Every structure is written in C-alpha cells, then in structure tokens.
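So the structure is just underneath, and the comments pick up after that.
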Amino acid sequence: MGTGMRPSRTLNKLRTGQPAFCFKLNLADARAAEIAALAGFDCLWVCQEHVPNDLRVIEQCIWAAKAHDADVLVRVARGSYSDYIRPLEMDAAGIMVPHCMSADDARQVARMTRFHPLGRRALDGGNADAAYCGIGLEEYTRQANAERFVMVQIEDPEPLAELDAIAAVPGIDMLFFGPGDFSHALGVPGRLDDPRLVQARRDVAQAARRHGKFAGTAASPANVRELMDMGYQFLSIGADVAGLASYCRAMLEAAKAGEMPSGASRGPYGN
C-alpha cells in the first residue's frame, strides 16, 4: 500500500504563487464532477450547507475528481466535529466552514479539524485519507496537517472587527469571502457593488495576506484579474446548475427560432 497521502493540487498551486480555480457542483452526480475535473479545474466544490448531498454523494464525487487529479472541497454544514472531519476522512482535500463569526469560532474549527500540535481532531486512520491503515499514524497526522486545507467563510459584517485575529489562527489556511450572504446581511441582496461590500472584500484579502494565509472568493471571468490583483488566489468560477440552465434555455430558444416560418411574429420570447 502507499505510504503517503495524495498531495493537494490546490495547495501546490497556492504555495507556488499560482491561482487555483474551483468549480461549484450542486448536482448530486459524480458524472458532473468528472466533467468539471476533465475540463481542468483544480478543485471541485461540493456542498452540504445548502444542497441535500449525503455522504455517499460526496464520496463518489471525491472518487471521480481524484481519478483526474482534481481536489474536492466540501462546504460542511455547521455542526459537530464529526460533521467536519468525515469529508476529510473520505479524502476530500479541504473543507469550508460557513459563517465564521469570530476568532473564537475559527479557533474551535481548527481544534476540531487539525491534528496535534495544531488541534485535537479525532483520530482513526482506517479511511481513504490514511490509505485504509496504510499510513502510520504519526506520518498520517503530519501529512494531513500539511496536505489538507481548512477554510472559513467570512460572509457577515460581524467578524470584520476580528479579521486579523481570525487570519492568525494556526490551522486555518484560508479566508473565503462570500459576497452573496454578505450583501444580504447588509440589506442589499445581490448588490455586489455596494461600497461596504467592496471594502470588506478588500479587507479580507489583505488580512489573509498579512498573516501568511490564502484568500478565496467567488469570481467570474470578468473580474478574475481584479480579484487576483487584490490578493485572491483561490477563485471559484461557475457552477453546474448555472451552466446547465443556461444551456437548456439557449437550446430551446434556438430551436423555437428555427421552427418559425419566415416573417412570423417572434412573440414574447424575443426569438
């Protein structure tokens, strides 16, 4: 059996100064994960906070991604240490904990998800991440701390006052700014150009960089360069449901346009 954990492609990119690109999956199908991995994304984001994914779905997506050397990031639901470490034990490359509200909150996350000396994560070693007992416990704990990443989401105004303290927590690798929930918390849902949000996004990146951590956020091809210049290296671009919905609409609209006889009214669809 192997003697080492699979290195994280995401961490390798970030540690060598390169951007890491992530794709969000909402569909509960490992084929969608494989399609995104084949496209070349470094990391695939699967979710347990907003999406009814069970652990079997998560596990299958991890298998599909690993077949093409892509990482899987699992956004966990807020819960107990078991909720946080099970994706890691299934060999997810990282987890994202939503709505970090304070430095104490971040310290508790690190305590539950990191092995000694960074934390007190519960230890097993008989799962995929430790090659099913194929890696000795001492080496397993060392490699897990080095090759698996833990990020916390900053998506509320409350933790802004403690950004430096949050970024300084040992065992937290990344601050991920969530613009959607942040705009909602400000009372301006979806207004991503609100000056308060724009400043918060900049502050999160700067705090992460000051403390030698990485910064991540949602991006688009239109603003990816701006965000990288701001200090963001981990960039989530696109989602399976958005792509499929857009494709379905475009195909139907094109088909309807093609069916129309010359000179016929285009009707309410604008075809």
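Following the order of the structure tokens, first chain is A, next is B, and so on, with residues numbered from 1 inside each chain and ligands from 1 in the order they appear.
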
For this session: Determine, counting only C-alpha atoms, which protein, DNA and RNA residues have an atom within 9 Å of an atom of segment 14-31 of chain A; residues of the same chain fewer than 4 positions away are not included. Present the result as number ranges by chain.
Result: A: 9-10, 35-37, 40-47, 50-54, 57-65, 71, 73, 214, 228, 232-241

Based on the selection just made, write N, CA and C atoms of those residues as a tab-separated table (two decimals), in the first residue's frame.
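Here's the written file again-v7.tsv:
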chain	number	residue	atom	x	y	z
A	9	ARG	N	-3.61	19.29	-4.99
A	9	ARG	CA	-3.31	20.10	-6.18
A	9	ARG	C	-3.53	21.58	-5.89
A	10	THR	N	-4.59	21.88	-5.12
A	10	THR	CA	-4.90	23.27	-4.77
A	10	THR	C	-3.78	23.89	-3.96
A	35	ILE	N	-16.88	15.60	-15.27
A	35	ILE	CA	-16.86	16.55	-16.39
A	35	ILE	C	-16.04	17.78	-16.02
A	36	ALA	N	-16.26	18.31	-14.82
A	36	ALA	CA	-15.52	19.50	-14.39
A	36	ALA	C	-14.04	19.19	-14.20
A	37	ALA	N	-13.74	18.01	-13.67
A	37	ALA	CA	-12.34	17.63	-13.50
A	37	ALA	C	-11.66	17.47	-14.85
A	40	GLY	N	-10.39	20.55	-16.45
A	40	GLY	CA	-9.12	21.09	-15.98
A	40	GLY	C	-9.18	21.89	-14.70
A	41	PHE	N	-10.33	21.95	-14.03
A	41	PHE	CA	-10.40	22.69	-12.77
A	41	PHE	C	-9.51	22.03	-11.72
A	42	ASP	N	-8.87	22.86	-10.91
A	42	ASP	CA	-8.02	22.36	-9.83
A	42	ASP	C	-8.82	21.76	-8.69
A	43	CYS	N	-10.00	22.31	-8.46
A	43	CYS	CA	-10.78	21.95	-7.28
A	43	CYS	C	-12.26	21.98	-7.62
A	44	LEU	N	-13.00	21.05	-7.05
A	44	LEU	CA	-14.45	20.99	-7.21
A	44	LEU	C	-15.08	21.20	-5.84
A	45	TRP	N	-16.03	22.12	-5.79
A	45	TRP	CA	-16.70	22.49	-4.54
A	45	TRP	C	-18.04	21.78	-4.48
A	46	VAL	N	-18.19	20.89	-3.51
A	46	VAL	CA	-19.48	20.26	-3.25
A	46	VAL	C	-19.98	20.78	-1.91
A	47	CYS	N	-21.28	20.75	-1.72
A	47	CYS	CA	-21.88	21.49	-0.61
A	47	CYS	C	-22.83	20.64	0.21
A	50	HIS	N	-26.19	24.01	1.77
A	50	HIS	CA	-27.42	24.37	1.07
A	50	HIS	C	-27.95	23.27	0.16
A	51	VAL	N	-27.18	22.23	-0.06
A	51	VAL	CA	-27.54	21.18	-1.02
A	51	VAL	C	-27.77	19.88	-0.26
A	52	PRO	N	-28.83	19.13	-0.57
A	52	PRO	CA	-29.12	17.90	0.20
A	52	PRO	C	-28.24	16.72	-0.21
A	53	ASN	N	-26.93	16.93	-0.18
A	53	ASN	CA	-26.00	15.86	-0.50
A	53	ASN	C	-25.75	14.99	0.73
A	54	ASP	N	-25.87	13.68	0.56
A	54	ASP	CA	-25.48	12.81	1.66
A	54	ASP	C	-24.01	12.42	1.48
A	57	VAL	N	-22.92	10.65	-1.79
A	57	VAL	CA	-22.74	11.55	-2.93
A	57	VAL	C	-21.36	12.21	-2.86
A	58	ILE	N	-21.00	12.69	-1.68
A	58	ILE	CA	-19.70	13.34	-1.50
A	58	ILE	C	-18.57	12.37	-1.84
A	59	GLU	N	-18.69	11.15	-1.35
A	59	GLU	CA	-17.65	10.15	-1.58
A	59	GLU	C	-17.48	9.85	-3.06
A	60	GLN	N	-18.58	9.72	-3.78
A	60	GLN	CA	-18.50	9.42	-5.21
A	60	GLN	C	-17.88	10.57	-5.99
A	61	CYS	N	-18.20	11.81	-5.59
A	61	CYS	CA	-17.58	12.96	-6.25
A	61	CYS	C	-16.08	13.00	-6.00
A	62	ILE	N	-15.67	12.61	-4.79
A	62	ILE	CA	-14.24	12.56	-4.48
A	62	ILE	C	-13.55	11.53	-5.36
A	63	TRP	N	-14.15	10.36	-5.51
A	63	TRP	CA	-13.56	9.34	-6.38
A	63	TRP	C	-13.42	9.86	-7.81
A	64	ALA	N	-14.47	10.47	-8.32
A	64	ALA	CA	-14.44	10.97	-9.70
A	64	ALA	C	-13.37	12.04	-9.88
A	65	ALA	N	-13.23	12.93	-8.91
A	65	ALA	CA	-12.24	14.00	-9.02
A	65	ALA	C	-10.83	13.45	-8.93
A	71	ASP	N	-8.85	18.19	-6.81
A	71	ASP	CA	-9.25	18.20	-5.41
A	71	ASP	C	-10.76	18.33	-5.27
A	73	LEU	N	-13.35	20.11	-2.48
A	73	LEU	CA	-13.59	20.95	-1.30
A	73	LEU	C	-15.04	20.74	-0.89
A	214	PHE	N	-4.10	32.23	2.72
A	214	PHE	CA	-4.64	32.43	1.38
A	214	PHE	C	-6.02	33.06	1.46
A	228	MET	N	-7.51	38.88	-8.42
A	228	MET	CA	-6.14	38.41	-8.25
A	228	MET	C	-5.22	39.56	-7.86
A	232	TYR	N	-6.46	37.75	-4.07
A	232	TYR	CA	-7.16	36.47	-4.05
A	232	TYR	C	-6.47	35.49	-4.99
A	233	GLN	N	-6.20	34.28	-4.46
A	233	GLN	CA	-5.58	33.23	-5.25
A	233	GLN	C	-6.53	32.07	-5.54
A	234	PHE	N	-7.47	31.82	-4.63
A	234	PHE	CA	-8.42	30.73	-4.81
A	234	PHE	C	-9.72	31.33	-5.33
A	235	LEU	N	-10.08	30.95	-6.55
A	235	LEU	CA	-11.17	31.61	-7.25
A	235	LEU	C	-12.19	30.58	-7.71
A	236	SER	N	-13.41	30.71	-7.21
A	236	SER	CA	-14.49	29.82	-7.60
A	236	SER	C	-15.23	30.43	-8.77
A	237	ILE	N	-15.20	29.74	-9.91
A	237	ILE	CA	-15.75	30.29	-11.15
A	237	ILE	C	-16.74	29.29	-11.73
A	238	GLY	N	-18.00	29.67	-11.76
A	238	GLY	CA	-19.01	28.86	-12.43
A	238	GLY	C	-19.63	27.80	-11.53
A	239	ALA	N	-20.76	27.27	-12.02
A	239	ALA	CA	-21.50	26.25	-11.28
A	239	ALA	C	-22.25	25.38	-12.28
A	240	ASP	N	-22.38	24.11	-11.93
A	240	ASP	CA	-23.03	23.18	-12.85
A	240	ASP	C	-24.47	23.57	-13.14
A	241	VAL	N	-25.23	23.96	-12.12
A	241	VAL	CA	-26.64	24.27	-12.34
A	241	VAL	C	-26.79	25.52	-13.21

Exercise. Which residues come within 10 Å of Met151 of chain A, counting only C-alpha atoms, excluding same-chain residues fewer than 2 positions away, as a ChimeraX atom specification?
Worked result: /A:73,75,94-98,100,106,109-110,149,153-154,171-176,213-216

Using the selection just defined, write its residues with N, CA and C atoms as a tab-separated table (two decimals), in the first residue's frame.
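And here is the file that came out, again_26.tsv:
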chain	number	residue	atom	x	y	z
A	73	LEU	N	-13.35	20.11	-2.48
A	73	LEU	CA	-13.59	20.95	-1.30
A	73	LEU	C	-15.04	20.74	-0.89
A	75	ARG	N	-18.02	22.11	1.41
A	75	ARG	CA	-18.57	23.09	2.37
A	75	ARG	C	-19.49	22.31	3.30
A	94	GLY	N	-10.10	19.40	1.19
A	94	GLY	CA	-10.31	20.51	2.09
A	94	GLY	C	-11.76	20.63	2.48
A	95	ILE	N	-11.99	21.40	3.53
A	95	ILE	CA	-13.35	21.73	3.94
A	95	ILE	C	-13.48	23.24	4.09
A	96	MET	N	-14.70	23.70	3.93
A	96	MET	CA	-15.03	25.11	4.11
A	96	MET	C	-16.13	25.18	5.17
A	97	VAL	N	-15.90	25.95	6.21
A	97	VAL	CA	-16.88	26.12	7.28
A	97	VAL	C	-17.57	27.46	7.08
A	98	PRO	N	-18.89	27.46	6.87
A	98	PRO	CA	-19.58	28.72	6.58
A	98	PRO	C	-19.77	29.59	7.82
A	100	CYS	N	-18.19	31.96	9.62
A	100	CYS	CA	-17.30	32.15	10.77
A	100	CYS	C	-17.58	33.54	11.34
A	106	ALA	N	-13.20	30.50	14.83
A	106	ALA	CA	-12.13	29.95	13.99
A	106	ALA	C	-11.23	29.02	14.78
A	109	VAL	N	-12.92	25.71	15.14
A	109	VAL	CA	-12.84	24.95	13.89
A	109	VAL	C	-11.48	24.28	13.77
A	110	ALA	N	-10.41	25.02	14.02
A	110	ALA	CA	-9.06	24.45	13.93
A	110	ALA	C	-8.87	23.33	14.94
A	149	PHE	N	-6.55	21.23	3.53
A	149	PHE	CA	-6.75	22.63	3.88
A	149	PHE	C	-8.11	22.86	4.53
A	153	GLN	N	-15.44	30.77	6.02
A	153	GLN	CA	-16.09	31.80	5.21
A	153	GLN	C	-16.35	33.05	6.04
A	154	ILE	N	-15.97	34.17	5.47
A	154	ILE	CA	-16.32	35.47	6.03
A	154	ILE	C	-17.44	36.01	5.15
A	171	GLY	N	-3.70	26.67	11.80
A	171	GLY	CA	-4.57	25.60	11.31
A	171	GLY	C	-5.65	26.06	10.36
A	172	ILE	N	-5.90	27.36	10.30
A	172	ILE	CA	-6.81	27.91	9.29
A	172	ILE	C	-5.95	28.37	8.12
A	173	ASP	N	-6.20	27.78	6.94
A	173	ASP	CA	-5.37	28.07	5.78
A	173	ASP	C	-5.88	29.23	4.94
A	174	MET	N	-7.20	29.44	4.96
A	174	MET	CA	-7.76	30.38	4.01
A	174	MET	C	-8.99	31.07	4.57
A	175	LEU	N	-9.14	32.35	4.21
A	175	LEU	CA	-10.37	33.09	4.44
A	175	LEU	C	-11.08	33.18	3.10
A	176	PHE	N	-12.34	32.78	3.07
A	176	PHE	CA	-13.12	32.82	1.83
A	176	PHE	C	-14.22	33.85	2.00
A	213	LYS	N	-1.71	33.65	5.07
A	213	LYS	CA	-2.79	32.74	4.68
A	213	LYS	C	-3.24	33.08	3.26
A	214	PHE	N	-4.10	32.23	2.72
A	214	PHE	CA	-4.64	32.43	1.38
A	214	PHE	C	-6.02	33.06	1.46
A	215	ALA	N	-6.39	33.73	0.38
A	215	ALA	CA	-7.71	34.36	0.30
A	215	ALA	C	-8.45	33.76	-0.89
A	216	GLY	N	-9.73	33.46	-0.67
A	216	GLY	CA	-10.57	32.91	-1.72
A	216	GLY	C	-11.88	33.65	-1.82

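Closest approach to Tyr84 of chain A among A:Gly119, A:Thr113, A:Cys133, A:Asp156 is made by A:Thr113 (distances from only C-alpha atoms).
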
For this session: Mind the document's chain letters and residue numbers, and return as a VMD selection string the residues of segment 166-247 of chain A that DSSP labels strand (DSSP E or B).
Result: chain A and resid 174 to 177 214 to 219 234 to 239
